[in-house]
Amino acid sequence: MDECVHGMNPEWCGTCLKIDDSGTGQSGSYGWHGGETKQDVLNDLCDILGIKRLATSNGSSLPTEVFQEAASQVGVAGGAMPEVTERIIRKAGMPYSADYDSRATKSGGGSTVTLDGMQALRKALRALLGA
């Protein structure tokens with residue numbers, strides 16, 4: 001047979017050869033993915049706040065000082081990252097989703113903010129700070 005069911009040379013067709021070619025996103029610190037990383041958004045948050053860029057640590061742990069600085073600049077109470085994130089997002093008049101942090105997970109997830117939560121926080125900070 002000259003062609004596979006996909007209209008290609010069967011020796012070249014990744015689907016027929018069962019080759020995983022799902023890694024079509026961008027390359028980042030944690031391998032191949034499509035879209036932003038927590039580090040990408042963290043960089044933006046630091047820039048919006050006018051502070052030096054900080055890095056996520058192993059397991060994408062976030063530096064608390066960014067959240068405390070954000071709370072201070074927009075005039076909300078400090079505290080744990082999820083609470084600060086929720087206060088800032090709500091102050092900006094945006095809805096808050098349980099998907100934005102780990103509080104609703106079975107393990108509690110170490111009280112962290114998800115990538116979606118960080119992206120919402122960035123949007124809220126831009127609105128509140130005019131950045």
# chains A, B, ... in the order shown; residues from 1 in each chain; ligands from 1

$ residues_around --residues "A:Gly93" --least-positions-apart "3" --cutoff "10 Å" --atoms "only C-alpha atoms" --output "PyMOL selection string"
chain A and resi 87-90+96+124+127-128

$ write_last_selection --atoms "all heavy atoms" --output "PDB file, in the first residue's frame"
ATOM      1  N   ARG A  87      -8.985  38.177  47.673  1.00  0.00           N
ATOM      2  CA  ARG A  87      -9.323  39.558  48.050  1.00  0.00           C
ATOM      3  C   ARG A  87      -9.053  40.538  46.914  1.00  0.00           C
ATOM      4  O   ARG A  87      -9.846  41.445  46.644  1.00  0.00           O
ATOM      5  CB  ARG A  87      -8.527  39.975  49.290  1.00  0.00           C
ATOM      6  CG  ARG A  87      -8.988  39.321  50.559  1.00  0.00           C
ATOM      7  CD  ARG A  87      -8.177  39.815  51.772  1.00  0.00           C
ATOM      8  NE  ARG A  87      -8.428  38.962  52.900  1.00  0.00           N
ATOM      9  CZ  ARG A  87      -7.507  38.210  53.508  1.00  0.00           C
ATOM     10  NH1 ARG A  87      -6.243  38.252  53.120  1.00  0.00           N
ATOM     11  NH2 ARG A  87      -7.833  37.444  54.523  1.00  0.00           N
ATOM     12  N   ILE A  88      -7.918  40.360  46.254  1.00  0.00           N
ATOM     13  CA  ILE A  88      -7.541  41.278  45.173  1.00  0.00           C
ATOM     14  C   ILE A  88      -8.481  41.102  43.978  1.00  0.00           C
ATOM     15  O   ILE A  88      -8.958  42.085  43.400  1.00  0.00           O
ATOM     16  CB  ILE A  88      -6.066  41.068  44.764  1.00  0.00           C
ATOM     17  CG1 ILE A  88      -5.148  41.516  45.905  1.00  0.00           C
ATOM     18  CG2 ILE A  88      -5.750  41.826  43.473  1.00  0.00           C
ATOM     19  CD1 ILE A  88      -3.681  41.154  45.715  1.00  0.00           C
ATOM     20  N   ILE A  89      -8.765  39.873  43.615  1.00  0.00           N
ATOM     21  CA  ILE A  89      -9.648  39.619  42.472  1.00  0.00           C
ATOM     22  C   ILE A  89     -11.038  40.176  42.749  1.00  0.00           C
ATOM     23  O   ILE A  89     -11.644  40.835  41.896  1.00  0.00           O
ATOM     24  CB  ILE A  89      -9.671  38.114  42.142  1.00  0.00           C
ATOM     25  CG1 ILE A  89      -8.315  37.706  41.541  1.00  0.00           C
ATOM     26  CG2 ILE A  89     -10.821  37.769  41.199  1.00  0.00           C
ATOM     27  CD1 ILE A  89      -8.126  36.211  41.374  1.00  0.00           C
ATOM     28  N   ARG A  90     -11.551  39.952  43.939  1.00  0.00           N
ATOM     29  CA  ARG A  90     -12.885  40.478  44.289  1.00  0.00           C
ATOM     30  C   ARG A  90     -12.887  42.012  44.359  1.00  0.00           C
ATOM     31  O   ARG A  90     -13.848  42.656  43.965  1.00  0.00           O
ATOM     32  CB  ARG A  90     -13.372  39.862  45.592  1.00  0.00           C
ATOM     33  CG  ARG A  90     -13.698  38.387  45.450  1.00  0.00           C
ATOM     34  CD  ARG A  90     -14.509  37.860  46.615  1.00  0.00           C
ATOM     35  NE  ARG A  90     -14.660  36.430  46.582  1.00  0.00           N
ATOM     36  CZ  ARG A  90     -15.529  35.771  45.806  1.00  0.00           C
ATOM     37  NH1 ARG A  90     -16.312  36.423  44.989  1.00  0.00           N
ATOM     38  NH2 ARG A  90     -15.602  34.445  45.859  1.00  0.00           N
ATOM     39  N   TYR A  96     -14.538  35.127  41.609  1.00  0.00           N
ATOM     40  CA  TYR A  96     -13.477  34.239  42.062  1.00  0.00           C
ATOM     41  C   TYR A  96     -13.927  32.794  41.872  1.00  0.00           C
ATOM     42  O   TYR A  96     -15.051  32.443  42.203  1.00  0.00           O
ATOM     43  CB  TYR A  96     -13.118  34.485  43.534  1.00  0.00           C
ATOM     44  CG  TYR A  96     -11.830  33.824  43.924  1.00  0.00           C
ATOM     45  CD1 TYR A  96     -10.621  34.422  43.636  1.00  0.00           C
ATOM     46  CD2 TYR A  96     -11.818  32.571  44.529  1.00  0.00           C
ATOM     47  CE1 TYR A  96      -9.422  33.808  43.955  1.00  0.00           C
ATOM     48  CE2 TYR A  96     -10.627  31.947  44.851  1.00  0.00           C
ATOM     49  CZ  TYR A  96      -9.433  32.577  44.565  1.00  0.00           C
ATOM     50  OH  TYR A  96      -8.250  31.963  44.864  1.00  0.00           O
ATOM     51  N   ALA A 124      -6.550  41.309  37.532  1.00  0.00           N
ATOM     52  CA  ALA A 124      -7.082  42.169  38.594  1.00  0.00           C
ATOM     53  C   ALA A 124      -6.095  43.283  38.943  1.00  0.00           C
ATOM     54  O   ALA A 124      -6.484  44.441  39.119  1.00  0.00           O
ATOM     55  CB  ALA A 124      -7.410  41.325  39.830  1.00  0.00           C
ATOM     56  N   ALA A 127      -6.061  45.971  36.384  1.00  0.00           N
ATOM     57  CA  ALA A 127      -7.244  46.829  36.508  1.00  0.00           C
ATOM     58  C   ALA A 127      -7.113  47.784  37.689  1.00  0.00           C
ATOM     59  O   ALA A 127      -7.411  48.978  37.571  1.00  0.00           O
ATOM     60  CB  ALA A 127      -8.499  45.960  36.663  1.00  0.00           C
ATOM     61  N   LEU A 128      -6.663  47.274  38.824  1.00  0.00           N
ATOM     62  CA  LEU A 128      -6.582  48.088  40.031  1.00  0.00           C
ATOM     63  C   LEU A 128      -5.441  49.097  40.019  1.00  0.00           C
ATOM     64  O   LEU A 128      -5.555  50.180  40.585  1.00  0.00           O
ATOM     65  CB  LEU A 128      -6.461  47.189  41.268  1.00  0.00           C
ATOM     66  CG  LEU A 128      -7.698  46.343  41.592  1.00  0.00           C
ATOM     67  CD1 LEU A 128      -7.356  45.290  42.650  1.00  0.00           C
ATOM     68  CD2 LEU A 128      -8.854  47.219  42.038  1.00  0.00           C
TER      69      LEU A 128
END

$ closest_residue --among "A:Gly75, A:Arg126, A:Cys46, A:Gln39" --to "A:Asn58" --atoms "only C-alpha atoms"
A:Gln39

$ residues_around --residues "A:Gly117" --least-positions-apart "4" --cutoff "10 Å" --atoms "only C-alpha atoms" --output "MDAnalysis selection string"
chainID A and resid 38 82 85:86 89 96:102 112:113 121:123

$ atom_distance --atom1 "atom CA of A:Val84" --atom2 "atom CA of A:Gln68"
7.6 Å

$ select_by_dssp --residues "stretch 42-88 of chain A" --states "alpha helix (DSSP H)" --output "number ranges by chain"
A: 42-49, 64-74, 81-88
